[in-house]
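One file, work17.pdb, is given below (PDB, C-alpha atoms).
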```
MODEL        1
ATOM      1  CA  MET A   1      -9.266 -35.204  -4.739
ATOM      2  CA  SER A   2     -10.381 -35.660  -1.127
ATOM      3  CA  THR A   3     -12.018 -33.055   1.086
ATOM      4  CA  LEU A   4      -8.714 -32.412   2.813
ATOM      5  CA  THR A   5      -6.677 -31.809  -0.320
ATOM      6  CA  ALA A   6      -9.336 -29.412  -1.636
ATOM      7  CA  ILE A   7      -8.829 -27.022   1.271
ATOM      8  CA  HIS A   8      -7.822 -23.584   0.020
ATOM      9  CA  PRO A   9      -4.260 -22.509   0.970
ATOM     10  CA  ARG A  10      -5.554 -19.503   2.931
ATOM     11  CA  GLN A  11      -7.701 -21.755   5.108
ATOM     12  CA  ALA A  12      -5.118 -24.518   5.446
ATOM     13  CA  LEU A  13      -2.182 -22.254   6.240
ATOM     14  CA  PHE A  14      -3.688 -19.309   8.062
ATOM     15  CA  GLY A  15      -7.196 -20.110   9.265
ATOM     16  CA  ALA A  16     -10.264 -17.917   9.243
ATOM     17  CA  GLU A  17      -8.438 -14.961  10.795
ATOM     18  CA  HIS A  18      -6.093 -14.482   7.823
ATOM     19  CA  ARG A  19      -6.303 -11.112   6.101
ATOM     20  CA  PRO A  20      -5.029 -11.384   2.532
ATOM     21  CA  HIS A  21      -2.602  -8.760   1.223
ATOM     22  CA  THR A  22      -4.989  -7.098  -1.184
ATOM     23  CA  LEU A  23      -3.342  -3.686  -1.543
ATOM     24  CA  PRO A  24      -1.736  -3.033  -4.937
ATOM     25  CA  VAL A  25       2.026  -2.618  -4.767
ATOM     26  CA  CYS A  26       2.032   0.926  -6.169
ATOM     27  CA  ASP A  27       0.297   4.011  -4.757
ATOM     28  CA  HIS A  28       0.203   6.823  -7.327
ATOM     29  CA  TYR A  29      -0.358  10.419  -6.173
ATOM     30  CA  ALA A  30      -2.070  13.134  -8.213
ATOM     31  CA  GLY A  31      -3.094  16.597  -7.002
ATOM     32  CA  VAL A  32      -4.347  18.452 -10.093
ATOM     33  CA  GLU A  33      -7.708  17.545 -11.612
ATOM     34  CA  ALA A  34      -6.371  16.864 -15.118
ATOM     35  CA  ARG A  35      -3.680  14.556 -13.712
ATOM     36  CA  MET A  36      -6.200  12.866 -11.446
ATOM     37  CA  ARG A  37      -8.375  11.992 -14.427
ATOM     38  CA  LYS A  38      -5.378  10.797 -16.442
ATOM     39  CA  SER A  39      -4.230   8.649 -13.514
ATOM     40  CA  LEU A  40      -7.645   7.010 -13.161
ATOM     41  CA  ALA A  41      -7.728   6.383 -16.922
ATOM     42  CA  LEU A  42      -4.282   4.774 -16.775
ATOM     43  CA  GLN A  43      -5.397   2.665 -13.811
ATOM     44  CA  ALA A  44      -8.301   1.323 -15.885
ATOM     45  CA  GLU A  45      -6.021   0.727 -18.869
ATOM     46  CA  MET A  46      -3.497  -1.284 -16.838
ATOM     47  CA  ALA A  47      -6.059  -3.207 -14.767
ATOM     48  CA  GLU A  48      -6.200  -6.950 -15.282
ATOM     49  CA  GLU A  49      -9.847  -7.530 -14.375
ATOM     50  CA  PRO A  50     -12.572  -5.998 -12.167
ATOM     51  CA  GLY A  51     -11.254  -5.447  -8.648
ATOM     52  CA  ARG A  52      -7.691  -6.152  -9.688
ATOM     53  CA  ALA A  53      -6.102  -2.789 -10.360
ATOM     54  CA  VAL A  54      -2.321  -3.071 -10.352
ATOM     55  CA  PHE A  55      -1.922   0.338  -8.701
ATOM     56  CA  ASP A  56      -3.947   2.638  -6.469
ATOM     57  CA  VAL A  57      -4.614   6.303  -7.157
ATOM     58  CA  THR A  58      -4.443   8.753  -4.242
ATOM     59  CA  LEU A  59      -6.198  12.047  -4.961
ATOM     60  CA  ASP A  60      -4.285  14.686  -3.027
ATOM     61  CA  LEU A  61      -5.981  17.361  -0.942
ATOM     62  CA  GLU A  62      -2.899  18.267   1.100
ATOM     63  CA  ASP A  63      -0.421  19.351  -1.578
ATOM     64  CA  GLY A  64      -2.951  19.553  -4.403
ATOM     65  CA  ALA A  65      -5.259  22.220  -2.980
ATOM     66  CA  PRO A  66      -4.466  25.905  -3.541
ATOM     67  CA  VAL A  67      -4.361  28.041  -0.396
ATOM     68  CA  GLY A  68      -7.893  29.228   0.240
ATOM     69  CA  GLY A  69      -9.362  26.622  -2.094
ATOM     70  CA  GLU A  70      -9.163  23.584   0.187
ATOM     71  CA  HIS A  71     -12.906  22.998   0.427
ATOM     72  CA  GLU A  72     -13.346  23.302  -3.329
ATOM     73  CA  GLN A  73     -10.563  20.715  -3.801
ATOM     74  CA  ALA A  74     -12.372  18.320  -1.454
ATOM     75  CA  GLU A  75     -15.627  18.829  -3.363
ATOM     76  CA  MET A  76     -13.884  18.144  -6.677
ATOM     77  CA  VAL A  77     -12.212  14.984  -5.358
ATOM     78  CA  ALA A  78     -15.559  13.726  -4.039
ATOM     79  CA  GLU A  79     -17.072  14.248  -7.490
ATOM     80  CA  LEU A  80     -14.229  12.306  -9.084
ATOM     81  CA  LEU A  81     -14.630   9.458  -6.609
ATOM     82  CA  ASN A  82     -18.309   9.194  -7.537
ATOM     83  CA  SER A  83     -17.692   9.522 -11.274
ATOM     84  CA  PRO A  84     -17.305   6.761 -13.885
ATOM     85  CA  ASP A  85     -13.581   7.638 -13.914
ATOM     86  CA  ASN A  86     -13.273   5.729 -10.621
ATOM     87  CA  ALA A  87     -14.168   2.527 -12.434
ATOM     88  CA  TRP A  88     -12.196   0.115 -10.258
ATOM     89  CA  GLY A  89     -12.955   1.420  -6.779
ATOM     90  CA  ARG A  90      -9.259   1.727  -5.968
ATOM     91  CA  ALA A  91      -8.982   5.470  -5.421
ATOM     92  CA  GLY A  92      -8.249   7.034  -2.055
ATOM     93  CA  ALA A  93      -7.492  10.551  -0.891
ATOM     94  CA  ARG A  94      -4.850  12.305   1.179
ATOM     95  CA  VAL A  95      -6.380  14.825   3.558
ATOM     96  CA  HIS A  96      -4.656  17.601   5.469
ATOM     97  CA  ALA A  97      -2.799  16.830   8.692
ATOM     98  CA  PRO A  98      -4.916  16.427  11.858
ATOM     99  CA  SER A  99      -3.436  19.687  13.175
ATOM    100  CA  HIS A 100      -4.525  21.592  10.060
ATOM    101  CA  ARG A 101      -7.694  23.678  10.242
ATOM    102  CA  ARG A 102      -9.107  21.918   7.146
ATOM    103  CA  PHE A 103      -8.686  18.337   8.393
ATOM    104  CA  GLU A 104     -12.218  17.919   9.738
ATOM    105  CA  ASP A 105     -13.768  19.559   6.672
ATOM    106  CA  ASP A 106     -11.710  17.321   4.348
ATOM    107  CA  VAL A 107     -12.880  14.188   6.151
ATOM    108  CA  ASP A 108     -16.497  15.305   6.469
ATOM    109  CA  THR A 109     -16.780  16.380   2.824
ATOM    110  CA  LEU A 110     -15.254  13.210   1.410
ATOM    111  CA  ILE A 111     -17.197  10.806   3.610
ATOM    112  CA  ARG A 112     -20.488  12.688   3.319
ATOM    113  CA  LYS A 113     -20.307  12.884  -0.462
ATOM    114  CA  ALA A 114     -18.272   9.807  -1.449
ATOM    115  CA  GLY A 115     -17.779   7.603   1.611
ATOM    116  CA  ASP A 116     -18.935   4.457  -0.159
ATOM    117  CA  ARG A 117     -16.423   5.039  -2.976
ATOM    118  CA  LEU A 118     -13.333   5.756  -0.861
ATOM    119  CA  ALA A 119     -10.746   2.975  -0.929
ATOM    120  CA  TYR A 120      -8.855   4.630   1.959
ATOM    121  CA  LEU A 121      -7.895   7.952   3.519
ATOM    122  CA  MET A 122      -4.234   8.923   3.899
ATOM    123  CA  VAL A 123      -3.505  11.033   6.990
ATOM    124  CA  PRO A 124      -0.148  12.883   6.902
ATOM    125  CA  LYS A 125       2.060  14.424   9.591
ATOM    126  CA  VAL A 126       0.614  12.743  12.666
ATOM    127  CA  ALA A 127       2.510  14.050  15.673
ATOM    128  CA  ASN A 128       2.293  10.863  17.725
ATOM    129  CA  ALA A 129       0.169   7.797  18.437
ATOM    130  CA  THR A 130      -2.436   9.821  20.326
ATOM    131  CA  GLU A 131      -3.013  12.115  17.363
ATOM    132  CA  ALA A 132      -3.107   9.134  15.004
ATOM    133  CA  GLN A 133      -5.797   7.515  17.145
ATOM    134  CA  ARG A 134      -7.824  10.731  17.199
ATOM    135  CA  ALA A 135      -7.634  10.908  13.405
ATOM    136  CA  VAL A 136      -8.866   7.321  13.077
ATOM    137  CA  GLU A 137     -11.689   8.033  15.506
ATOM    138  CA  ALA A 138     -12.645  11.234  13.652
ATOM    139  CA  ILE A 139     -12.928   9.294  10.379
ATOM    140  CA  LYS A 140     -15.075   6.637  12.049
ATOM    141  CA  ALA A 141     -17.270   9.278  13.700
ATOM    142  CA  SER A 142     -17.846  10.931  10.328
ATOM    143  CA  ARG A 143     -18.901   7.586   8.843
ATOM    144  CA  VAL A 144     -21.394   7.047  11.661
ATOM    145  CA  LYS A 145     -22.698  10.604  11.351
ATOM    146  CA  HIS A 146     -23.369  10.239   7.640
ATOM    147  CA  GLY A 147     -24.583   6.634   7.706
ATOM    148  CA  VAL A 148     -21.667   5.250   5.688
ATOM    149  CA  PHE A 149     -21.402   1.558   6.516
ATOM    150  CA  HIS A 150     -18.414   1.000   4.251
ATOM    151  CA  ALA A 151     -15.324   0.857   6.482
ATOM    152  CA  VAL A 152     -12.807   3.420   5.210
ATOM    153  CA  PRO A 153      -9.287   2.106   5.931
ATOM    154  CA  VAL A 154      -6.788   4.643   7.242
ATOM    155  CA  HIS A 155      -3.268   5.033   5.878
ATOM    156  CA  ILE A 156      -0.848   7.076   7.967
ATOM    157  CA  LEU A 157       2.268   8.961   6.921
ATOM    158  CA  ILE A 158       5.142   8.696   9.415
ATOM    159  CA  GLU A 159       7.320  11.794   9.098
ATOM    160  CA  THR A 160       7.952  13.136  12.621
ATOM    161  CA  HIS A 161      10.372  12.003  15.334
ATOM    162  CA  LYS A 162       7.660  11.183  17.856
ATOM    163  CA  ALA A 163       5.570   9.274  15.340
ATOM    164  CA  LEU A 164       8.605   7.144  14.510
ATOM    165  CA  GLN A 165       9.241   6.519  18.217
ATOM    166  CA  GLU A 166       5.635   5.308  18.589
ATOM    167  CA  VAL A 167       5.355   3.579  15.219
ATOM    168  CA  ALA A 168       4.502   0.145  16.644
ATOM    169  CA  GLU A 169       1.607   1.639  18.613
ATOM    170  CA  ILE A 170       0.382   3.500  15.528
ATOM    171  CA  ALA A 171       0.601   0.394  13.340
ATOM    172  CA  ALA A 172      -1.503  -1.566  15.840
ATOM    173  CA  LEU A 173      -4.410   0.909  15.855
ATOM    174  CA  PRO A 174      -7.677  -0.715  14.685
ATOM    175  CA  GLY A 175      -8.656   0.634  11.287
ATOM    176  CA  VAL A 176      -5.106   1.399  10.144
ATOM    177  CA  GLU A 177      -4.269  -0.488   6.944
ATOM    178  CA  SER A 178      -0.889   0.933   5.912
ATOM    179  CA  LEU A 179       1.978   3.152   7.046
ATOM    180  CA  SER A 180       4.143   5.226   4.718
ATOM    181  CA  PHE A 181       7.441   7.006   5.330
ATOM    182  CA  GLY A 182       7.635  10.762   4.712
ATOM    183  CA  LEU A 183      11.270  11.041   3.686
ATOM    184  CA  MET A 184      11.633  14.750   2.988
ATOM    185  CA  ASP A 185       9.784  16.019   6.051
ATOM    186  CA  PHE A 186      11.690  13.547   8.215
ATOM    187  CA  VAL A 187      15.042  14.759   6.854
ATOM    188  CA  SER A 188      14.006  18.391   7.328
ATOM    189  CA  ASP A 189      13.077  17.690  10.952
ATOM    190  CA  HIS A 190      16.760  16.956  11.610
ATOM    191  CA  ARG A 191      17.557  20.689  11.201
ATOM    192  CA  GLY A 192      20.376  20.220   8.730
ATOM    193  CA  ALA A 193      22.049  17.343  10.576
ATOM    194  CA  ILE A 194      21.234  15.008   7.675
ATOM    195  CA  PRO A 195      22.576  16.149   4.280
ATOM    196  CA  ALA A 196      20.256  16.800   1.349
ATOM    197  CA  ARG A 197      21.773  13.803  -0.439
ATOM    198  CA  ALA A 198      19.804  11.592   1.964
ATOM    199  CA  MET A 199      16.667  12.595   0.043
ATOM    200  CA  SER A 200      18.045  11.309  -3.257
ATOM    201  CA  ALA A 201      17.323   7.948  -4.881
ATOM    202  CA  THR A 202      20.661   6.525  -3.711
ATOM    203  CA  GLY A 203      21.333   8.538  -0.562
ATOM    204  CA  GLN A 204      18.098   7.472   1.140
ATOM    205  CA  PHE A 205      19.430   3.908   1.215
ATOM    206  CA  GLU A 206      22.819   4.915   2.598
ATOM    207  CA  HIS A 207      22.281   7.292   5.516
ATOM    208  CA  PRO A 208      21.964   5.253   8.744
ATOM    209  CA  LEU A 209      19.223   7.405  10.289
ATOM    210  CA  ILE A 210      17.053   7.090   7.186
ATOM    211  CA  VAL A 211      17.613   3.350   6.813
ATOM    212  CA  ARG A 212      16.846   2.896  10.522
ATOM    213  CA  ALA A 213      13.561   4.792  10.146
ATOM    214  CA  LYS A 214      12.533   2.751   7.119
ATOM    215  CA  LEU A 215      13.319  -0.527   8.872
ATOM    216  CA  GLU A 216      11.406   0.413  12.011
ATOM    217  CA  ILE A 217       8.332   1.310   9.966
ATOM    218  CA  ALA A 218       8.494  -1.904   7.939
ATOM    219  CA  ALA A 219       8.991  -4.038  11.051
ATOM    220  CA  ALA A 220       6.085  -2.376  12.868
ATOM    221  CA  CYS A 221       3.803  -2.931   9.885
ATOM    222  CA  HIS A 222       4.655  -6.615   9.549
ATOM    223  CA  ALA A 223       4.172  -7.150  13.291
ATOM    224  CA  ALA A 224       0.696  -5.596  13.000
ATOM    225  CA  ALA A 225      -0.121  -7.428   9.732
ATOM    226  CA  ILE A 226      -0.569  -4.199   7.782
ATOM    227  CA  THR A 227       1.161  -2.860   4.663
ATOM    228  CA  PRO A 228       4.446  -0.888   4.748
ATOM    229  CA  SER A 229       4.552   1.618   1.888
ATOM    230  CA  HIS A 230       7.898   3.015   0.746
ATOM    231  CA  CYS A 231       8.504   6.708   0.096
ATOM    232  CA  VAL A 232       8.896   8.517  -3.203
ATOM    233  CA  VAL A 233      11.874   8.798  -5.502
ATOM    234  CA  THR A 234      11.815  12.386  -6.738
ATOM    235  CA  GLU A 235      14.145  11.818  -9.712
ATOM    236  CA  PHE A 236      11.134  10.710 -11.743
ATOM    237  CA  LYS A 237      12.901  10.805 -15.117
ATOM    238  CA  ASP A 238      15.664   8.405 -14.026
ATOM    239  CA  LYS A 239      13.993   5.016 -14.424
ATOM    240  CA  ARG A 240      17.183   3.109 -13.648
ATOM    241  CA  ALA A 241      17.572   4.883 -10.311
ATOM    242  CA  LEU A 242      13.904   4.297  -9.543
ATOM    243  CA  SER A 243      14.151   0.596 -10.394
ATOM    244  CA  THR A 244      17.200   0.201  -8.158
ATOM    245  CA  ALA A 245      15.456   2.008  -5.296
ATOM    246  CA  ALA A 246      12.222   0.044  -5.659
ATOM    247  CA  THR A 247      14.108  -3.249  -5.788
ATOM    248  CA  LYS A 248      16.018  -2.371  -2.607
ATOM    249  CA  ALA A 249      12.797  -1.353  -0.874
ATOM    250  CA  ALA A 250      11.121  -4.630  -1.772
ATOM    251  CA  ARG A 251      14.031  -7.074  -1.514
ATOM    252  CA  GLU A 252      16.133  -5.612   1.305
ATOM    253  CA  LEU A 253      13.859  -3.470   3.491
ATOM    254  CA  GLY A 254      10.675  -5.546   3.454
ATOM    255  CA  TYR A 255       8.303  -3.042   1.855
ATOM    256  CA  THR A 256       5.311  -4.361  -0.076
ATOM    257  CA  ARG A 257       4.107  -1.085  -1.595
ATOM    258  CA  MET A 258       5.677   2.147  -2.890
ATOM    259  CA  TRP A 259       4.624   5.674  -3.792
ATOM    260  CA  SER A 260       4.635   7.022  -7.346
ATOM    261  CA  ILE A 261       4.515  10.730  -8.219
ATOM    262  CA  HIS A 262       4.728  10.447 -12.001
ATOM    263  CA  PRO A 263       2.873   8.080 -14.376
ATOM    264  CA  ASP A 264       6.184   6.856 -15.812
ATOM    265  CA  GLN A 265       7.119   5.506 -12.364
ATOM    266  CA  ILE A 266       4.151   3.148 -12.047
ATOM    267  CA  ALA A 267       5.223   0.323 -14.361
ATOM    268  CA  VAL A 268       8.788   0.427 -12.989
ATOM    269  CA  ILE A 269       7.546   0.059  -9.408
ATOM    270  CA  VAL A 270       5.105  -2.741 -10.267
ATOM    271  CA  GLU A 271       7.861  -4.669 -12.050
ATOM    272  CA  ALA A 272      10.328  -4.201  -9.181
ATOM    273  CA  PHE A 273       7.839  -5.423  -6.574
ATOM    274  CA  ALA A 274       6.751  -8.448  -8.609
ATOM    275  CA  PRO A 275       8.420 -11.779  -7.792
ATOM    276  CA  VAL A 276      10.753 -13.153 -10.447
ATOM    277  CA  SER A 277       9.452 -15.934 -12.668
ATOM    278  CA  ALA A 278      11.578 -18.623 -10.987
ATOM    279  CA  GLU A 279      10.069 -17.747  -7.592
ATOM    280  CA  VAL A 280       6.558 -17.971  -9.025
ATOM    281  CA  ASP A 281       7.273 -21.335 -10.684
ATOM    282  CA  ASP A 282       8.622 -22.728  -7.406
ATOM    283  CA  ALA A 283       5.617 -21.405  -5.507
ATOM    284  CA  ILE A 284       3.164 -23.049  -7.905
ATOM    285  CA  GLU A 285       4.899 -26.424  -7.770
ATOM    286  CA  ILE A 286       5.369 -26.421  -4.003
ATOM    287  CA  LEU A 287       1.811 -25.357  -3.193
ATOM    288  CA  GLN A 288       0.278 -27.831  -5.613
ATOM    289  CA  ASP A 289       2.392 -30.661  -4.162
ATOM    290  CA  ALA A 290       1.532 -29.544  -0.633
ATOM    291  CA  GLN A 291      -2.176 -29.481  -1.365
ATOM    292  CA  ALA A 292      -1.957 -32.962  -2.844
ATOM    293  CA  ALA A 293      -0.170 -34.094   0.354
ATOM    294  CA  HIS A 294      -2.980 -32.759   2.584
ATOM    295  CA  TRP A 295      -0.597 -29.909   3.631
ATOM    296  CA  ALA A 296       1.769 -32.332   5.329
ATOM    297  CA  PRO A 297       5.551 -31.900   4.853
ATOM    298  CA  ILE A 298       6.933 -32.637   1.369
ATOM    299  CA  SER A 299      10.270 -32.866  -0.369
ATOM    300  CA  HIS A 300      10.684 -30.616  -3.408
ATOM    301  CA  ARG A 301      13.900 -30.954  -5.415
ATOM    302  CA  GLY A 302      15.651 -32.416  -2.408
ATOM    303  CA  VAL A 303      14.527 -29.694   0.020
ATOM    304  CA  LEU A 304      12.078 -30.288   2.876
ATOM    305  CA  HIS A 305       9.054 -27.991   3.046
ATOM    306  CA  ASP A 306       6.281 -27.683   5.617
ATOM    307  CA  ARG A 307       3.646 -25.131   6.544
ATOM    308  CA  ALA A 308       6.194 -22.476   7.445
ATOM    309  CA  SER A 309       7.639 -22.414   3.934
ATOM    310  CA  TYR A 310       4.201 -23.000   2.395
ATOM    311  CA  ARG A 311       3.094 -19.702   3.881
ATOM    312  CA  HIS A 312       6.088 -17.938   2.317
ATOM    313  CA  TYR A 313       5.346 -19.370  -1.107
ATOM    314  CA  TRP A 314       1.678 -18.452  -0.777
ATOM    315  CA  TYR A 315       2.723 -14.821  -0.338
ATOM    316  CA  VAL A 316       4.950 -15.110  -3.414
ATOM    317  CA  LEU A 317       1.993 -16.368  -5.441
ATOM    318  CA  GLU A 318      -0.279 -13.711  -4.017
ATOM    319  CA  ARG A 319       2.227 -11.006  -4.978
ATOM    320  CA  ALA A 320       2.415 -12.382  -8.507
ATOM    321  CA  TRP A 321      -1.362 -12.163  -8.773
ATOM    322  CA  LEU A 322      -1.437  -8.618  -7.380
ATOM    323  CA  THR A 323       1.163  -7.413  -9.888
ATOM    324  CA  GLY A 324      -0.695  -8.873 -12.847
ATOM    325  CA  GLN A 325       1.710 -11.664 -13.682
ATOM    326  CA  PRO A 326       0.205 -14.456 -15.796
ATOM    327  CA  LEU A 327      -0.624 -17.574 -13.786
ATOM    328  CA  PRO A 328      -1.836 -20.985 -14.963
ATOM    329  CA  ILE A 329      -5.610 -21.018 -15.374
ATOM    330  CA  GLU A 330      -6.019 -23.749 -12.775
ATOM    331  CA  ILE A 331      -4.180 -21.593 -10.222
ATOM    332  CA  GLU A 332      -6.246 -18.523 -11.098
ATOM    333  CA  SER A 333      -9.529 -20.406 -10.821
ATOM    334  CA  SER A 334      -8.807 -22.476  -7.704
ATOM    335  CA  PHE A 335      -6.718 -20.021  -5.648
ATOM    336  CA  PHE A 336      -7.869 -16.520  -6.663
ATOM    337  CA  SER A 337     -11.400 -16.779  -8.043
ATOM    338  CA  GLY A 338     -14.022 -14.845  -6.090
TER     339      GLY A 338
ENDMDL
END
```
Before anything else, please render the file you have as structure tokens.
Amino acid sequence: MSTLTAIHPRQALFGAEHRPHTLPVCDHYAGVEARMRKSLALQAEMAEEPGRAVFDVTLDLEDGAPVGGEHEQAEMVAELLNSPDNAWGRAGARVHAPSHRRFEDDVDTLIRKAGDRLAYLMVPKVANATEAQRAVEAIKASRVKHGVFHAVPVHILIETHKALQEVAEIAALPGVESLSFGLMDFVSDHRGAIPARAMSATGQFEHPLIVRAKLEIAAACHAAAITPSHCVVTEFKDKRALSTAATKAARELGYTRMWSIHPDQIAVIVEAFAPVSAEVDDAIEILQDAQAAHWAPISHRGVLHDRASYRHYWYVLERAWLTGQPLPIEIESSFFSG
């Protein structure tokens, strides 16, 4: 094989500026210590190899902390982040909203005690782009203050009218890695104008205002090359409804990640966001043929392909790897090693 054909797909198709989609497709939330530990244990059990957890665990300070016990919750989460339970380094935390009196203490406690072990910080209920930027700057300032050189990515929860109006500006903020949609708070902000059914597994894909919000968030994320994360399905015992919702989120609305609020939801979400086997087989064949052709145009089964479609099939292969699907050893070693 010549020097040209040995070029890695990322370098050939995207160049040095390409940021790979490394976020797992499922983000699992836990707010009680016992459930946090169980979630981290399940993460280790389902992981494929070091650094390749198939879902993230978000340790929740916002809804998980009892009133009056917010600081103690932050201390406990920091201990968990530093413990052997966080074996894969894919645990983040949701802090209180920037307007909450405990926001600064949440951030300071977590970064001071466990900044090097934080995969990300989720910031909920930002009022607008200005508040989102202040939150990002506060997290960075805390890192500088405590000498934490590990960059802590920021995830932001879009659940207010103004934040949705300014979602493109929020998505483009340096340091922001992902945006999520806060379905229930967003519906509530409509003061009864949107029926409660719009918060259900099926209704959230039918009401025009909800679908519009989801699409605007996904579009803003893709334009900024960050990850759109889909909201929860609260009917956690109905796996069929969850699978249908997750499939719609991934296949129709362009989301590449989704929240889980119950351990039984994780495997369903991972399966729904994984590409089907036929897509993976096509991606392997097309990328191997393209590499052999020095990344020039090729014909595959009577269809012309060039770098535009190569990039699509690279993302398919990357998604298969992220969701733990088995890949040929030569693909694993040449495309995803290191």
Around all the atoms of stretch 272-279 of chain A listed in the file, draw an axis-aligned box and extend it by 5 Å on each of the six sides; I want its centre and edge lengths in Å to one decimal, as JSON.
```
{"center_x": 9.2, "center_y": -11.4, "center_z": -9.6, "size_x": 14.8, "size_y": 24.4, "size_z": 16.1}
```
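For the choices A:Asp105, A:Ile269, A:His8, A:Arg191, the atom-to-atom distance to A:Ala241 is smallest for A:Ile269 when using only C-alpha atoms.
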query = At what distance in Å, to one decimal, does atom CA of A:Ala250 lie from atom CA of A:Ala151?
reply = 28.2 Å
request  = Specify as a PyMOL selection string each residue included when the PyMOL selection byres ((chain A and resi 308) around 12) is applied to this file.
outcome  = chain A and resi 12-14+287+290+295-298+304-307+309-315
Writer output for current selection, C-alpha atoms, as a compact mmCIF listing (two decimals), in the coordinates of the input:
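Done, and the output landed in selection_20.txt:
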```
# COMPACT_ATOMS: atom_id res chain seq x y z
CA ALA A 12 -5.12 -24.52 5.45
CA LEU A 13 -2.18 -22.25 6.24
CA PHE A 14 -3.69 -19.31 8.06
CA LEU A 287 1.81 -25.36 -3.19
CA ALA A 290 1.53 -29.54 -0.63
CA TRP A 295 -0.60 -29.91 3.63
CA ALA A 296 1.77 -32.33 5.33
CA PRO A 297 5.55 -31.90 4.85
CA ILE A 298 6.93 -32.64 1.37
CA LEU A 304 12.08 -30.29 2.88
CA HIS A 305 9.05 -27.99 3.05
CA ASP A 306 6.28 -27.68 5.62
CA ARG A 307 3.65 -25.13 6.54
CA SER A 309 7.64 -22.41 3.93
CA TYR A 310 4.20 -23.00 2.40
CA ARG A 311 3.09 -19.70 3.88
CA HIS A 312 6.09 -17.94 2.32
CA TYR A 313 5.35 -19.37 -1.11
CA TRP A 314 1.68 -18.45 -0.78
CA TYR A 315 2.72 -14.82 -0.34
```
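Excluding A:Leu179 and any residue on its chain fewer than 5 positions from it, the residues at most 10 Å away by only C-alpha atoms are Met122, Val123, Pro124, Val154, His155, Ile156, Leu157, Ile158, Val167, Ile170, Ala171, Ile217, Ala218, Ala220, Cys221, Ile226, Thr227, Pro228, Ser229, His230 and Arg257 of chain A.
Between atom CA of A:Gly31 and atom CA of A:Leu59 lies a distance of 5.9 Å.
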Would you mind completing stretch 119-123 of chain A to all heavy atoms and writing the output as an mmCIF file, in the frame of the given file?
```cif
data_model
loop_
_atom_site.group_PDB
_atom_site.id
_atom_site.type_symbol
_atom_site.label_atom_id
_atom_site.label_comp_id
_atom_site.auth_asym_id
_atom_site.auth_seq_id
_atom_site.Cartn_x
_atom_site.Cartn_y
_atom_site.Cartn_z
ATOM 1 N N ALA A 119 -11.519 4.186 -1.227
ATOM 2 C CA ALA A 119 -10.746 2.975 -0.929
ATOM 3 C C ALA A 119 -9.982 3.124 0.377
ATOM 4 O O ALA A 119 -9.733 2.127 1.072
ATOM 5 C CB ALA A 119 -9.785 2.665 -2.074
ATOM 6 N N TYR A 120 -9.601 4.356 0.725
ATOM 7 C CA TYR A 120 -8.855 4.630 1.959
ATOM 8 C C TYR A 120 -8.693 6.137 2.102
ATOM 9 O O TYR A 120 -8.912 6.895 1.144
ATOM 10 C CB TYR A 120 -7.465 3.973 1.948
ATOM 11 C CG TYR A 120 -6.672 4.288 0.706
ATOM 12 C CD1 TYR A 120 -5.868 5.425 0.629
ATOM 13 C CD2 TYR A 120 -6.749 3.466 -0.420
ATOM 14 C CE1 TYR A 120 -5.162 5.727 -0.530
ATOM 15 C CE2 TYR A 120 -6.051 3.768 -1.576
ATOM 16 C CZ TYR A 120 -5.264 4.902 -1.627
ATOM 17 O OH TYR A 120 -4.574 5.218 -2.780
ATOM 18 N N LEU A 121 -8.305 6.577 3.285
ATOM 19 C CA LEU A 121 -7.895 7.952 3.519
ATOM 20 C C LEU A 121 -6.472 7.953 4.058
ATOM 21 O O LEU A 121 -6.162 7.239 5.008
ATOM 22 C CB LEU A 121 -8.822 8.650 4.519
ATOM 23 C CG LEU A 121 -10.173 9.141 3.991
ATOM 24 C CD1 LEU A 121 -11.003 9.723 5.124
ATOM 25 C CD2 LEU A 121 -9.977 10.185 2.888
ATOM 26 N N MET A 122 -5.603 8.761 3.435
ATOM 27 C CA MET A 122 -4.234 8.923 3.899
ATOM 28 C C MET A 122 -4.172 10.149 4.808
ATOM 29 O O MET A 122 -4.588 11.238 4.428
ATOM 30 C CB MET A 122 -3.284 9.095 2.709
ATOM 31 C CG MET A 122 -1.902 9.649 3.061
ATOM 32 S SD MET A 122 -0.954 8.595 4.175
ATOM 33 C CE MET A 122 -0.431 7.300 3.043
ATOM 34 N N VAL A 123 -3.636 9.952 6.018
ATOM 35 C CA VAL A 123 -3.505 11.033 6.990
ATOM 36 C C VAL A 123 -2.018 11.342 7.162
ATOM 37 O O VAL A 123 -1.253 10.496 7.644
ATOM 38 C CB VAL A 123 -4.127 10.642 8.340
ATOM 39 C CG1 VAL A 123 -3.970 11.784 9.344
ATOM 40 C CG2 VAL A 123 -5.600 10.284 8.166
#
```
